[in-house]
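The file protein-v5.txt comes next; it holds compact mmCIF, C-alpha atoms.
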```
# COMPACT_ATOMS: atom_id res chain seq x y z
CA MET A 20 -32.96 8.81 161.34
CA THR A 21 -34.34 5.24 161.30
CA PRO A 22 -32.38 3.03 163.75
CA ARG A 23 -30.38 0.25 162.09
CA GLY A 24 -32.40 -2.43 163.85
CA GLN A 25 -35.56 -1.23 162.06
CA ARG A 26 -34.11 -1.40 158.54
CA LEU A 27 -34.32 -4.20 155.97
CA HIS A 28 -30.87 -5.87 155.87
CA ILE A 29 -29.54 -6.74 152.40
CA ALA A 30 -26.19 -8.59 152.26
CA LEU A 31 -23.92 -8.99 149.23
CA PHE A 32 -21.95 -12.23 148.90
CA GLY A 33 -19.52 -13.14 146.13
CA ARG A 34 -15.95 -14.00 145.27
CA ARG A 35 -13.12 -11.53 145.61
CA ASN A 36 -13.26 -8.89 142.87
CA ALA A 37 -16.77 -9.89 141.80
CA GLY A 38 -17.61 -6.20 142.22
CA LYS A 39 -19.58 -6.24 145.47
CA SER A 40 -18.20 -2.93 146.72
CA SER A 41 -18.71 -1.30 143.33
CA LEU A 42 -22.28 -2.57 143.32
CA ILE A 43 -22.93 -0.99 146.73
CA ASN A 44 -21.68 2.34 145.41
CA ALA A 45 -23.93 1.97 142.37
CA LEU A 46 -26.98 1.10 144.49
CA THR A 47 -26.44 3.98 146.92
CA GLY A 48 -25.25 6.49 144.34
CA GLN A 49 -22.33 7.29 146.63
CA SER A 50 -18.70 6.22 147.01
CA LEU A 51 -19.34 4.47 150.32
CA ALA A 52 -17.34 1.28 149.82
CA ILE A 53 -13.63 1.12 149.01
CA VAL A 54 -13.09 -0.25 145.49
CA SER A 55 -9.80 -1.80 144.40
CA ASP A 56 -8.51 -4.34 141.86
CA ILE A 57 -6.55 -5.93 144.67
CA PRO A 58 -8.35 -9.12 145.83
CA GLY A 59 -9.44 -9.12 149.47
CA THR A 60 -9.84 -5.33 149.88
CA THR A 61 -13.00 -5.91 151.94
CA THR A 62 -11.95 -7.84 155.03
CA ASP A 63 -14.82 -7.49 157.51
CA PRO A 64 -18.55 -6.97 156.91
CA VAL A 65 -19.26 -3.27 156.27
CA LEU A 66 -22.76 -1.84 156.81
CA LYS A 67 -24.16 1.08 154.81
CA ALA A 68 -27.56 2.73 155.44
CA MET A 69 -29.65 3.98 152.51
CA GLU A 70 -33.23 4.31 151.21
CA ILE A 71 -34.78 2.14 148.50
CA LEU A 72 -38.28 3.35 147.70
CA PRO A 73 -40.90 2.07 148.27
CA LEU A 74 -39.17 -0.27 150.72
CA GLY A 75 -37.82 2.66 152.70
CA PRO A 76 -34.78 2.49 154.99
CA VAL A 77 -32.41 -0.42 154.37
CA VAL A 78 -28.94 -1.53 155.40
CA ILE A 79 -26.59 -2.83 152.67
CA ILE A 80 -23.89 -5.18 153.98
CA ASP A 81 -20.62 -5.69 152.08
CA THR A 82 -18.81 -8.94 152.94
CA ALA A 83 -15.38 -10.42 152.33
CA GLY A 84 -14.81 -12.73 149.36
CA ILE A 85 -16.29 -16.20 149.82
CA ASP A 86 -13.26 -17.61 147.99
CA ASP A 87 -10.76 -16.07 150.42
CA THR A 88 -7.82 -18.32 151.25
CA GLY A 89 -5.45 -19.09 154.12
CA GLU A 90 -6.04 -19.05 157.84
CA LEU A 91 -6.98 -15.37 157.87
CA GLY A 92 -9.21 -15.89 154.84
CA GLU A 93 -11.15 -18.61 156.63
CA LEU A 94 -11.77 -16.23 159.54
CA ARG A 95 -13.01 -13.58 157.10
CA LYS A 96 -15.34 -16.09 155.43
CA ARG A 97 -16.72 -17.13 158.80
CA LYS A 98 -17.47 -13.48 159.63
CA SER A 99 -19.20 -13.14 156.27
CA TYR A 100 -21.42 -16.17 156.84
CA GLU A 101 -22.34 -14.90 160.32
CA VAL A 102 -23.99 -11.97 158.52
CA LEU A 103 -26.70 -14.40 157.32
CA ASP A 104 -28.11 -14.41 160.86
CA LYS A 105 -29.21 -10.79 160.43
CA THR A 106 -29.88 -10.77 156.67
CA ASP A 107 -33.38 -10.36 155.24
CA LEU A 108 -32.34 -10.61 151.56
CA VAL A 109 -29.15 -12.04 149.98
CA LEU A 110 -27.57 -10.74 146.76
CA ILE A 111 -25.12 -13.28 145.30
CA VAL A 112 -22.82 -11.21 143.07
CA ILE A 113 -21.27 -13.21 140.22
CA ASP A 114 -18.38 -12.32 137.96
CA PRO A 115 -19.43 -13.89 134.62
CA LYS A 116 -15.84 -14.91 133.88
CA ALA A 117 -15.64 -16.87 137.13
CA GLY A 118 -19.17 -18.18 136.70
CA TYR A 119 -21.45 -19.91 139.18
CA GLY A 120 -19.67 -22.59 141.18
CA ASP A 121 -19.31 -24.23 144.58
CA PHE A 122 -18.62 -20.92 146.35
CA GLU A 123 -21.88 -19.38 145.21
CA LYS A 124 -23.81 -22.61 145.73
CA GLU A 125 -22.69 -22.74 149.38
CA VAL A 126 -24.10 -19.25 149.96
CA ALA A 127 -27.36 -20.21 148.28
CA ASP A 128 -27.61 -23.40 150.36
CA ARG A 129 -26.93 -21.56 153.60
CA ALA A 130 -29.49 -18.90 152.70
CA LYS A 131 -32.06 -21.61 152.00
CA ILE A 132 -31.46 -23.16 155.43
CA ALA A 133 -31.89 -19.70 157.00
CA GLN A 134 -35.06 -19.23 154.89
CA THR A 135 -33.59 -16.05 153.41
CA PRO A 136 -34.56 -15.11 149.83
CA VAL A 137 -31.77 -14.83 147.24
CA VAL A 138 -31.28 -12.64 144.17
CA TYR A 139 -28.50 -13.56 141.70
CA VAL A 140 -26.65 -10.54 140.30
CA MET A 141 -24.44 -11.03 137.22
CA ASN A 142 -22.05 -8.07 137.30
CA LYS A 143 -19.61 -6.58 134.77
CA ILE A 144 -21.80 -6.96 131.66
CA ASP A 145 -20.11 -3.81 130.32
CA LEU A 146 -17.20 -6.09 129.37
CA TYR A 147 -19.34 -7.97 126.81
CA THR A 148 -20.42 -7.15 123.27
CA THR A 149 -23.97 -7.81 122.11
CA VAL A 150 -23.00 -11.27 120.88
CA GLY A 151 -21.12 -12.03 124.09
CA ARG A 152 -24.09 -10.93 126.19
CA ASN A 153 -26.46 -13.22 124.31
CA GLU A 154 -24.16 -16.15 125.02
CA LEU A 155 -23.97 -15.05 128.67
CA TYR A 156 -27.76 -14.84 128.99
CA GLU A 157 -28.12 -18.31 127.49
CA ARG A 158 -25.51 -19.79 129.81
CA PHE A 159 -27.21 -18.47 132.95
CA GLU A 160 -30.63 -19.41 131.57
CA GLN A 161 -29.47 -23.04 131.58
CA LEU A 162 -28.38 -22.72 135.22
CA LYS A 163 -31.96 -21.73 136.15
CA LEU A 164 -30.82 -19.18 138.72
CA GLU A 165 -33.91 -17.19 139.66
CA PRO A 166 -34.45 -14.35 140.17
CA ARG A 167 -31.43 -13.00 138.30
CA VAL A 168 -30.38 -9.56 137.09
CA PHE A 169 -27.57 -8.55 134.72
CA VAL A 170 -25.87 -5.30 135.72
CA SER A 171 -22.80 -3.17 135.35
CA ALA A 172 -21.78 -1.47 138.56
CA LEU A 173 -19.36 0.60 136.50
CA THR A 174 -21.85 2.05 133.99
CA GLN A 175 -24.99 1.80 136.21
CA GLU A 176 -26.67 -0.39 133.58
CA GLY A 177 -29.33 -2.62 135.16
CA ILE A 178 -29.14 -0.94 138.59
CA ASP A 179 -32.73 0.36 138.44
CA GLU A 180 -33.91 -3.10 137.42
CA LEU A 181 -31.97 -4.59 140.36
CA LYS A 182 -33.71 -2.20 142.75
CA GLN A 183 -37.09 -3.31 141.41
CA VAL A 184 -36.15 -6.97 141.86
CA ILE A 185 -35.02 -6.24 145.44
CA ILE A 186 -38.37 -4.58 146.13
CA LYS A 187 -40.28 -7.49 144.59
CA HIS A 188 -38.41 -10.26 146.41
CA ALA A 189 -37.85 -8.65 149.81
CA PRO A 190 -39.67 -10.81 152.39
CA LYS A 191 -43.19 -9.52 152.84
CA GLU A 192 -43.02 -10.07 156.60
CA TRP A 193 -39.80 -8.13 157.09
CA THR A 194 -41.62 -5.04 158.32
CA LEU A 195 -41.53 -5.07 162.09
CA PRO A 196 -44.86 -5.18 163.89
CA THR A 197 -45.88 -2.09 165.80
CA VAL A 198 -44.29 -1.88 169.24
CA LEU A 199 -47.57 -1.31 171.04
CA GLY A 200 -49.98 0.23 168.53
CA ASP A 201 -52.11 -2.92 168.47
CA LEU A 202 -52.52 -2.71 172.27
CA ILE A 203 -54.06 0.76 172.33
CA GLU A 204 -56.75 2.80 170.61
CA PRO A 205 -56.62 6.35 169.22
CA GLY A 206 -57.09 8.81 172.07
CA ASP A 207 -55.83 6.40 174.74
CA VAL A 208 -53.46 7.70 177.39
CA VAL A 209 -50.22 5.75 177.78
CA VAL A 210 -47.88 6.60 180.66
CA CYS A 211 -44.20 5.87 180.15
CA VAL A 212 -42.23 5.58 183.41
CA VAL A 213 -38.64 6.57 182.70
CA PRO A 214 -36.22 6.57 185.64
CA VAL A 215 -33.09 8.64 185.26
CA ASP A 216 -30.15 6.68 186.69
CA LYS A 217 -26.46 6.20 185.97
CA ALA A 218 -27.24 4.03 182.94
CA ALA A 219 -29.42 6.71 181.33
CA PRO A 220 -27.63 8.66 178.56
CA LYS A 221 -27.16 12.30 179.48
CA GLY A 222 -29.56 14.61 177.71
CA ARG A 223 -31.66 11.99 175.91
CA LEU A 224 -33.85 8.94 176.28
CA ILE A 225 -32.63 5.44 175.48
CA LEU A 226 -33.63 3.99 172.10
CA PRO A 227 -36.52 1.73 173.26
CA GLN A 228 -38.12 4.66 175.09
CA GLN A 229 -37.83 6.87 172.00
CA ILE A 230 -39.36 4.20 169.76
CA VAL A 231 -42.24 3.47 172.15
CA ILE A 232 -43.11 7.17 172.51
CA ARG A 233 -43.03 7.64 168.74
CA ASP A 234 -45.26 4.58 168.28
CA ILE A 235 -47.78 6.00 170.77
CA ILE A 236 -47.87 9.27 168.80
CA ASP A 237 -48.18 7.39 165.47
CA SER A 238 -51.13 5.50 166.96
CA GLU A 239 -52.96 8.81 167.54
CA SER A 240 -52.70 8.23 171.29
CA ILE A 241 -51.42 10.43 174.12
CA ALA A 242 -47.96 9.83 175.61
CA ILE A 243 -47.21 11.03 179.14
CA VAL A 244 -43.63 10.60 180.38
CA VAL A 245 -42.83 10.64 184.10
CA LYS A 246 -40.17 9.40 186.46
CA GLU A 247 -41.17 6.68 188.90
CA ARG A 248 -41.60 9.15 191.77
CA GLU A 249 -44.18 11.17 189.81
CA LEU A 250 -46.44 8.28 188.80
CA ASN A 251 -48.84 8.75 191.71
CA GLN A 252 -49.20 12.45 190.90
CA CYS A 253 -49.94 11.51 187.30
CA PHE A 254 -52.89 9.36 188.37
CA GLN A 255 -54.20 12.26 190.46
CA PHE A 256 -53.93 15.00 187.84
CA VAL A 257 -54.72 13.21 184.55
CA ASN A 258 -58.46 13.32 183.95
CA LYS A 259 -58.52 10.28 181.67
CA GLU A 260 -57.43 6.93 183.15
CA PRO A 261 -54.38 5.48 181.38
CA ALA A 262 -55.03 2.51 179.11
CA LEU A 263 -51.48 1.23 179.63
CA ILE A 264 -48.42 1.86 181.79
CA VAL A 265 -45.01 1.13 180.25
CA THR A 266 -42.17 1.12 182.73
CA ASP A 267 -38.46 0.60 182.78
CA ALA A 268 -37.88 -2.88 184.25
CA SER A 269 -35.54 -1.50 186.91
CA VAL A 270 -38.52 0.03 188.79
CA TYR A 271 -41.04 -2.78 188.33
CA ASN A 272 -41.93 -3.10 192.02
CA LYS A 273 -42.65 0.56 192.70
CA VAL A 274 -44.63 1.01 189.51
CA ALA A 275 -46.61 -2.22 190.08
CA ALA A 276 -47.38 -1.12 193.65
CA ASP A 277 -48.52 2.37 192.53
CA THR A 278 -50.60 1.21 189.55
CA PRO A 279 -54.23 0.18 190.20
CA SER A 280 -54.58 -3.55 189.51
CA HIS A 281 -57.13 -3.11 186.70
CA ILE A 282 -54.75 -0.94 184.62
CA ARG A 283 -52.55 -2.90 182.24
CA LEU A 284 -48.83 -2.73 182.94
CA THR A 285 -45.77 -3.85 181.00
CA SER A 286 -42.16 -2.80 180.38
CA PHE A 287 -40.14 -1.42 177.49
CA SER A 288 -38.07 -4.60 177.52
CA ILE A 289 -41.11 -6.90 177.29
CA LEU A 290 -42.51 -4.84 174.43
CA PHE A 291 -39.18 -5.23 172.66
CA ALA A 292 -39.14 -8.97 173.36
CA ARG A 293 -42.24 -9.14 171.17
CA TYR A 294 -41.16 -6.42 168.73
CA LYS A 295 -37.72 -7.86 168.00
CA GLY A 296 -38.14 -11.54 168.75
CA ASP A 297 -40.55 -14.13 170.11
CA LEU A 298 -42.12 -13.12 173.42
CA GLN A 299 -43.66 -16.52 174.09
CA SER A 300 -40.31 -18.32 173.81
CA LEU A 301 -38.70 -15.77 176.11
CA VAL A 302 -41.49 -16.14 178.68
CA GLU A 303 -41.24 -19.93 178.50
CA GLY A 304 -37.55 -19.55 179.33
CA VAL A 305 -38.31 -18.46 182.91
CA ARG A 306 -39.20 -22.07 183.70
CA ALA A 307 -35.48 -22.73 183.80
CA VAL A 308 -34.88 -20.26 186.63
CA LYS A 309 -36.57 -22.53 189.16
CA ARG A 310 -34.28 -25.39 188.03
CA LEU A 311 -31.02 -23.50 188.45
CA LYS A 312 -28.49 -24.86 190.95
CA PRO A 313 -25.29 -23.37 192.41
CA GLY A 314 -22.43 -23.73 189.93
CA ASP A 315 -24.64 -23.67 186.80
CA LYS A 316 -23.36 -21.67 183.82
CA ILE A 317 -25.40 -18.66 182.72
CA LEU A 318 -24.81 -16.57 179.59
CA ILE A 319 -25.63 -12.85 179.66
CA SER A 320 -26.00 -11.82 176.01
CA GLU A 321 -25.84 -8.11 175.16
CA ALA A 322 -26.48 -6.81 171.64
CA CYS A 323 -24.31 -3.71 172.02
CA THR A 324 -20.89 -3.07 173.51
CA HIS A 325 -21.81 -0.27 175.90
CA HIS A 326 -19.43 0.68 178.68
CA PRO A 327 -20.69 -1.07 181.85
CA VAL A 328 -21.76 1.30 184.61
CA GLU A 329 -21.77 0.76 188.33
CA ASP A 330 -24.57 -1.64 189.27
CA ASP A 331 -25.07 -2.52 185.60
CA ILE A 332 -28.37 -4.33 184.94
CA GLY A 333 -26.96 -7.21 182.89
CA ARG A 334 -23.57 -7.65 184.50
CA VAL A 335 -24.32 -6.85 188.14
CA LYS A 336 -27.99 -6.68 189.11
CA ILE A 337 -29.41 -9.70 187.28
CA PRO A 338 -26.52 -11.98 188.33
CA ARG A 339 -26.95 -10.76 191.94
CA TRP A 340 -30.70 -11.43 191.88
CA LEU A 341 -30.22 -14.88 190.35
CA ARG A 342 -27.66 -15.84 192.98
CA ALA A 343 -30.05 -14.71 195.70
CA GLN A 344 -32.85 -16.66 194.03
CA ILE A 345 -30.97 -19.99 194.13
CA GLY A 346 -29.03 -19.34 197.32
CA GLY A 347 -25.58 -19.91 195.85
CA ASP A 348 -23.00 -18.84 193.29
CA LEU A 349 -23.34 -19.14 189.51
CA ASP A 350 -20.77 -19.31 186.72
CA ILE A 351 -21.75 -16.28 184.63
CA ASP A 352 -20.28 -15.31 181.25
CA VAL A 353 -21.03 -12.16 179.27
CA LYS A 354 -21.07 -11.93 175.46
CA ALA A 355 -21.45 -8.44 174.03
CA GLY A 356 -21.93 -7.36 170.43
CA GLY A 357 -23.40 -8.85 167.28
CA GLY A 358 -22.94 -12.23 165.68
CA PRO A 359 -24.21 -15.65 166.71
CA LEU A 360 -24.27 -16.99 170.25
CA PRO A 361 -21.12 -18.92 171.34
CA ASP A 362 -20.35 -22.35 169.87
CA ASN A 363 -20.30 -23.86 173.38
CA LEU A 364 -23.90 -22.77 173.98
CA ASN A 365 -24.90 -26.25 175.16
CA GLU A 366 -22.77 -25.75 178.30
CA TYR A 367 -25.18 -23.10 179.62
CA LYS A 368 -28.34 -23.71 181.62
CA LEU A 369 -29.85 -20.37 180.66
CA VAL A 370 -29.31 -17.45 178.27
CA VAL A 371 -30.40 -14.03 179.56
CA HIS A 372 -30.63 -11.63 176.60
CA CYS A 373 -30.87 -7.85 176.62
CA GLY A 374 -33.79 -5.99 175.06
CA ALA A 375 -32.15 -6.28 171.59
CA CYS A 376 -32.83 -2.65 170.65
CA MET A 377 -29.62 -2.67 168.56
CA LEU A 378 -30.48 -5.89 166.68
CA ASN A 379 -32.89 -6.33 163.83
CA ARG A 380 -35.71 -8.86 164.20
CA LYS A 381 -33.98 -11.45 161.97
CA GLU A 382 -30.87 -11.59 164.17
CA MET A 383 -32.82 -11.79 167.43
CA ILE A 384 -35.01 -14.58 166.06
CA SER A 385 -31.82 -16.31 164.90
CA ARG A 386 -30.39 -16.15 168.43
CA ILE A 387 -33.58 -17.58 169.90
CA MET A 388 -33.47 -20.40 167.34
CA GLN A 389 -29.81 -21.11 168.15
CA ALA A 390 -30.69 -21.46 171.82
CA LYS A 391 -33.68 -23.69 171.07
CA ALA A 392 -31.61 -25.90 168.77
CA LYS A 393 -29.18 -26.52 171.64
CA GLY A 394 -32.01 -27.07 174.11
CA VAL A 395 -30.97 -24.01 176.15
CA PRO A 396 -33.78 -21.83 177.61
CA ILE A 397 -33.56 -18.14 176.77
CA VAL A 398 -35.20 -15.12 178.43
CA ASN A 399 -34.70 -11.39 178.12
CA TYR A 400 -33.99 -8.76 180.78
CA GLY A 401 -37.55 -7.53 181.15
CA VAL A 402 -39.06 -11.01 181.45
CA ILE A 403 -36.59 -12.37 184.00
CA MET A 404 -36.66 -9.18 186.08
CA ALA A 405 -40.46 -9.31 186.23
CA TYR A 406 -40.26 -12.95 187.30
CA ILE A 407 -37.60 -12.37 189.96
CA HIS A 408 -39.52 -9.42 191.41
CA GLY A 409 -42.79 -11.33 191.45
CA VAL A 410 -44.63 -9.13 188.96
CA LEU A 411 -44.54 -11.27 185.82
CA HIS A 412 -48.30 -11.65 185.84
CA ARG A 413 -48.76 -7.85 185.92
CA ALA A 414 -46.03 -7.21 183.36
CA LEU A 415 -47.74 -9.56 180.91
CA SER A 416 -51.24 -8.21 181.50
CA PRO A 417 -51.50 -6.87 177.91
CA PHE A 418 -50.85 -10.42 176.65
CA PRO A 419 -53.52 -12.72 178.18
CA HIS A 420 -52.53 -15.64 175.93
CA LEU A 421 -49.29 -15.95 177.94
CA GLN A 422 -50.89 -16.06 181.37
CA SER A 423 -51.08 -19.86 181.35
CA ILE A 424 -47.29 -19.99 181.18
CA VAL A 425 -47.05 -17.58 184.10
CA ALA A 426 -49.51 -19.67 186.11
CA GLU A 427 -47.46 -22.79 185.37
CA VAL A 428 -44.24 -21.14 186.51
CA ARG A 429 -45.72 -19.60 189.64
CA ASP A 430 -48.34 -22.31 190.30
CA ASP A 431 -50.68 -19.51 191.31
CA MET A 432 -50.57 -15.78 191.80
CA LYS A 433 -50.65 -15.80 195.62
CA GLU A 434 -46.90 -15.32 195.92
CA GLU A 435 -47.01 -12.29 193.64
CA ILE A 436 -49.96 -10.77 195.50
CA GLU A 437 -48.17 -11.20 198.83
CA ILE A 438 -45.07 -9.48 197.45
CA LEU A 439 -47.15 -6.52 196.27
CA LYS A 440 -48.89 -6.32 199.66
CA LYS A 441 -45.53 -6.15 201.43
CA ILE A 442 -44.34 -3.41 199.10
CA ARG A 443 -47.49 -1.36 199.68
CA SER A 444 -47.26 -1.85 203.46
CA LYS A 445 -43.79 -0.29 203.49
CA ARG A 446 -44.92 2.85 201.72
```
Rewrite the structure of this file - the entire thing - as structure tokens.
Amino acid sequence: MTPRGQRLHIALFGRRNAGKSSLINALTGQSLAIVSDIPGTTTDPVLKAMEILPLGPVVIIDTAGIDDTGELGELRKRKSYEVLDKTDLVLIVIDPKAGYGDFEKEVADRAKIAQTPVVYVMNKIDLYTTVGRNELYERFEQLKLEPRVFVSALTQEGIDELKQVIIKHAPKEWTLPTVLGDLIEPGDVVVCVVPVDKAAPKGRLILPQQIVIRDIIDSESIAIVVKERELNQCFQFVNKEPALIVTDASVYNKVAADTPSHIRLTSFSILFARYKGDLQSLVEGVRAVKRLKPGDKILISEACTHHPVEDDIGRVKIPRWLRAQIGGDLDIDVKAGGGPLPDNLNEYKLVVHCGACMLNRKEMISRIMQAKAKGVPIVNYGVIMAYIHGVLHRALSPFPHLQSIVAEVRDDMKEEIEILKKIRSKR
């Protein structure tokens, strides 16, 4: 099954009882969303996975009514608008009787700011006679809402046309770039170093590892998976020299020490920094680490709400390493789950983000943009761990265009070389 983060996200916005939930059921051909004549049935955004050919896997998001009222209604509306951060295509669902007004215009304006394409969907045309429909078409023609589709979620009329309009107006760049296929050639050997620790899910690999291995196979290359202790044996027994080593960031030092310097090395997290976001911005963020002082506020941002384990990477190890780096304590907050970064983002000196395997590219880019807008540097786990352990230059070896940033941060590579020498001398 395609992970949610790799699907096109299509969000439906509209007033209460505009027929958003009914439209989702019509699009999916299933009774996935609860339908009721009672206004406000949908309270929180609801995500439904489906396939729309030839687009492929998509996520349809049902939101609360944009005309909701009261204190609770305002909270529901805010949750609905937060969905825009992860949305690739907006469907504004309009009840012809209510018409197009300020509520719909606000969605359209917000979508324009987010550079998200919009399709206007006039629902409930089954309620109109031929004469009434002609008047309806003329009225919306004057509003110049484009692209627009007239449908009936109840009778399925216009649903196929709507799917074609979705296909036509979905952003062309929504398809995620390959994770590492552009870094390797068919027939290349890629070694994935996968430690098995307390954070590893029992009986399976974590999502980034699965996706990377699949991408290697799709690239007609050869994937070899080892634990960190078997890497040396791999070099001895594999006849063809690996073109790339991809390691879990938690074992950077050992893998860097065991890997010949001419072989490219990176991490799953750095690959995902590029795959899901903007690797250059996240590498630039390490400049802030050298400026940190005791007492500074740091935000650890996690995309999922996993149960923290002992010696958790984001909540324990990275904070511990940062405190050791600056020689003092730091004020560290953790935000887990989806949605935008906190409103008080400007209070932080640095945002340290996870690998974002549970986010789609749109939402991760949105978070990076939020941080930039507030002037707050942002890095991800793999980048900051490589920097702290002195192997950032090695971890970015597949991306030579970023080496100038590394050189600026480190001044030169002597410190990193000395660290690697010390590690090797202890072996």
May I have the residues within 9 Å of segment 417-425 of chain A as a compact mmCIF listing (two decimals) with C-alpha atoms, in the frame of the given file, using all atoms listed in the file and disregarding those fewer than 5 positions away in the same chain?
```
# COMPACT_ATOMS: atom_id res chain seq x y z
CA LEU A 202 -52.52 -2.71 172.27
CA LEU A 263 -51.48 1.23 179.63
CA ARG A 283 -52.55 -2.90 182.24
CA LEU A 284 -48.83 -2.73 182.94
CA THR A 285 -45.77 -3.85 181.00
CA LEU A 298 -42.12 -13.12 173.42
CA GLN A 299 -43.66 -16.52 174.09
CA VAL A 302 -41.49 -16.14 178.68
CA GLU A 303 -41.24 -19.93 178.50
CA VAL A 305 -38.31 -18.46 182.91
CA ARG A 306 -39.20 -22.07 183.70
CA TYR A 406 -40.26 -12.95 187.30
CA LEU A 411 -44.54 -11.27 185.82
CA HIS A 412 -48.30 -11.65 185.84
CA ASP A 430 -48.34 -22.31 190.30
CA ASP A 431 -50.68 -19.51 191.31
CA MET A 432 -50.57 -15.78 191.80
```
Which is closer to Thr47 of chain A than all the others in A:Asp179, A:Asp114, A:Asp267, A:Glu366, using only C-alpha atoms?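 The closest residue to Thr47 of chain A is A:Asp179.
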Selection near Gln255 of chain A, 12 Å with only C-alpha atoms, sequence-local residues under 6 positions removed, as number ranges by chain: A: 249, 261, 277-278
Taking the point (-30.3, -20.8, 153.3) as given in the file, collect each protein or nucleic acid residue that comes within 12 Å of it, counting only C-alpha atoms, and present the set as a ChimeraX atom specification. /A:100,103-104,106-109,123-137
Could you jot down the atom CA of His188 of chain A to atom CA of Arg233 of chain A separation for me, Å, one decimal place? 29.0 Å
Give as a PyMOL selection string each residue that has an atom at most 10 Å from (-25.5, -10.4, 133.8) in the file, counting all atoms listed in the file. chain A and resi 112-115+139-145+147+152-153+155-156+159+167-171+177
Could those residues be written to a file, using C-alpha atoms, as a PDB file, in the frame of the given file?
```pdb
ATOM      1  CA  VAL A 112     -22.820 -11.210 143.070  1.00  0.00           C
ATOM      2  CA  ILE A 113     -21.270 -13.210 140.220  1.00  0.00           C
ATOM      3  CA  ASP A 114     -18.380 -12.320 137.960  1.00  0.00           C
ATOM      4  CA  PRO A 115     -19.430 -13.890 134.620  1.00  0.00           C
ATOM      5  CA  TYR A 139     -28.500 -13.560 141.700  1.00  0.00           C
ATOM      6  CA  VAL A 140     -26.650 -10.540 140.300  1.00  0.00           C
ATOM      7  CA  MET A 141     -24.440 -11.030 137.220  1.00  0.00           C
ATOM      8  CA  ASN A 142     -22.050  -8.070 137.300  1.00  0.00           C
ATOM      9  CA  LYS A 143     -19.610  -6.580 134.770  1.00  0.00           C
ATOM     10  CA  ILE A 144     -21.800  -6.960 131.660  1.00  0.00           C
ATOM     11  CA  ASP A 145     -20.110  -3.810 130.320  1.00  0.00           C
ATOM     12  CA  TYR A 147     -19.340  -7.970 126.810  1.00  0.00           C
ATOM     13  CA  ARG A 152     -24.090 -10.930 126.190  1.00  0.00           C
ATOM     14  CA  ASN A 153     -26.460 -13.220 124.310  1.00  0.00           C
ATOM     15  CA  LEU A 155     -23.970 -15.050 128.670  1.00  0.00           C
ATOM     16  CA  TYR A 156     -27.760 -14.840 128.990  1.00  0.00           C
ATOM     17  CA  PHE A 159     -27.210 -18.470 132.950  1.00  0.00           C
ATOM     18  CA  ARG A 167     -31.430 -13.000 138.300  1.00  0.00           C
ATOM     19  CA  VAL A 168     -30.380  -9.560 137.090  1.00  0.00           C
ATOM     20  CA  PHE A 169     -27.570  -8.550 134.720  1.00  0.00           C
ATOM     21  CA  VAL A 170     -25.870  -5.300 135.720  1.00  0.00           C
ATOM     22  CA  SER A 171     -22.800  -3.170 135.350  1.00  0.00           C
ATOM     23  CA  GLY A 177     -29.330  -2.620 135.160  1.00  0.00           C
TER      24      GLY A 177
END
```
Excluding Tyr400 of chain A and any residue of its chain fewer than 2 positions from it, enumerate the residues within 9 Å of it, using all atoms listed in the file, and give them as a ChimeraX atom specification. /A:268,288-289,332-333,337,371-374,398,402-405
In Å to one decimal, how far is atom CA of Cys323 of chain A from atom CA of Asp297 of chain A?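 These two atoms are separated by 19.4 Å.
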So how far away is atom CA of Ser320 of chain A from atom CA of Ala390 of chain A, in Å?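 So the two atoms, atom CA of Ala390 of chain A and atom CA of Ser320 of chain A, lie 11.5 Å apart.
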Nearest to Pro313 of chain A by atom-to-atom distance, counting all atoms listed in the file, from A:Leu224, A:Lys295, A:Arg342, A:Leu110: A:Arg342
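Among the candidates A:Asp362, A:Glu176, A:Glu427, A:Glu204, the residue lying nearest to Asp234 of chain A is A:Glu204 (atoms considered: only C-alpha atoms).
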Name the residues in contact with Gly206 of chain A at a cut-off of 12 Å, using all atoms listed in the file, excluding same-chain residues fewer than 5 positions from it; report them as a short mmCIF file (atom, residue, chain, number, x, y, z; two decimals) with C-alpha atoms, keeping the file's coordinate frame.
```
data_model
loop_
_atom_site.label_atom_id
_atom_site.label_comp_id
_atom_site.auth_asym_id
_atom_site.auth_seq_id
_atom_site.Cartn_x
_atom_site.Cartn_y
_atom_site.Cartn_z
CA GLY A 200 -49.98 0.23 168.53
CA ILE A 235 -47.78 6.00 170.77
CA ILE A 236 -47.87 9.27 168.80
CA ASP A 237 -48.18 7.39 165.47
CA SER A 238 -51.13 5.50 166.96
CA GLU A 239 -52.96 8.81 167.54
CA SER A 240 -52.70 8.23 171.29
CA ILE A 241 -51.42 10.43 174.12
CA ALA A 242 -47.96 9.83 175.61
CA LYS A 259 -58.52 10.28 181.67
CA GLU A 260 -57.43 6.93 183.15
CA PRO A 261 -54.38 5.48 181.38
CA ALA A 262 -55.03 2.51 179.11
#
```
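Close contacts of Thr266 of chain A, defined as residues with an atom at most 7 Å away when counting only C-alpha atoms, with chain neighbours fewer than 3 positions off set aside, comprise Cys211, Val212, Val213, Tyr271, Thr285, Ser286 and Phe287 of chain A.
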Restricting the calculation to all atoms listed in the file, which member of A:Asn44, A:Thr149, A:Arg34, A:Val65 is positioned closest to Tyr119 of chain A?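 The answer is A:Arg34, which sits nearest to Tyr119 of chain A.
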May I ask which of the residues A:Val150, A:Val231, A:Ile111, A:Ala68 is the closest one to Tyr294 of chain A, counting all atoms listed in the file?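 Among the listed residues, the smallest separation from Tyr294 of chain A belongs to A:Val231.
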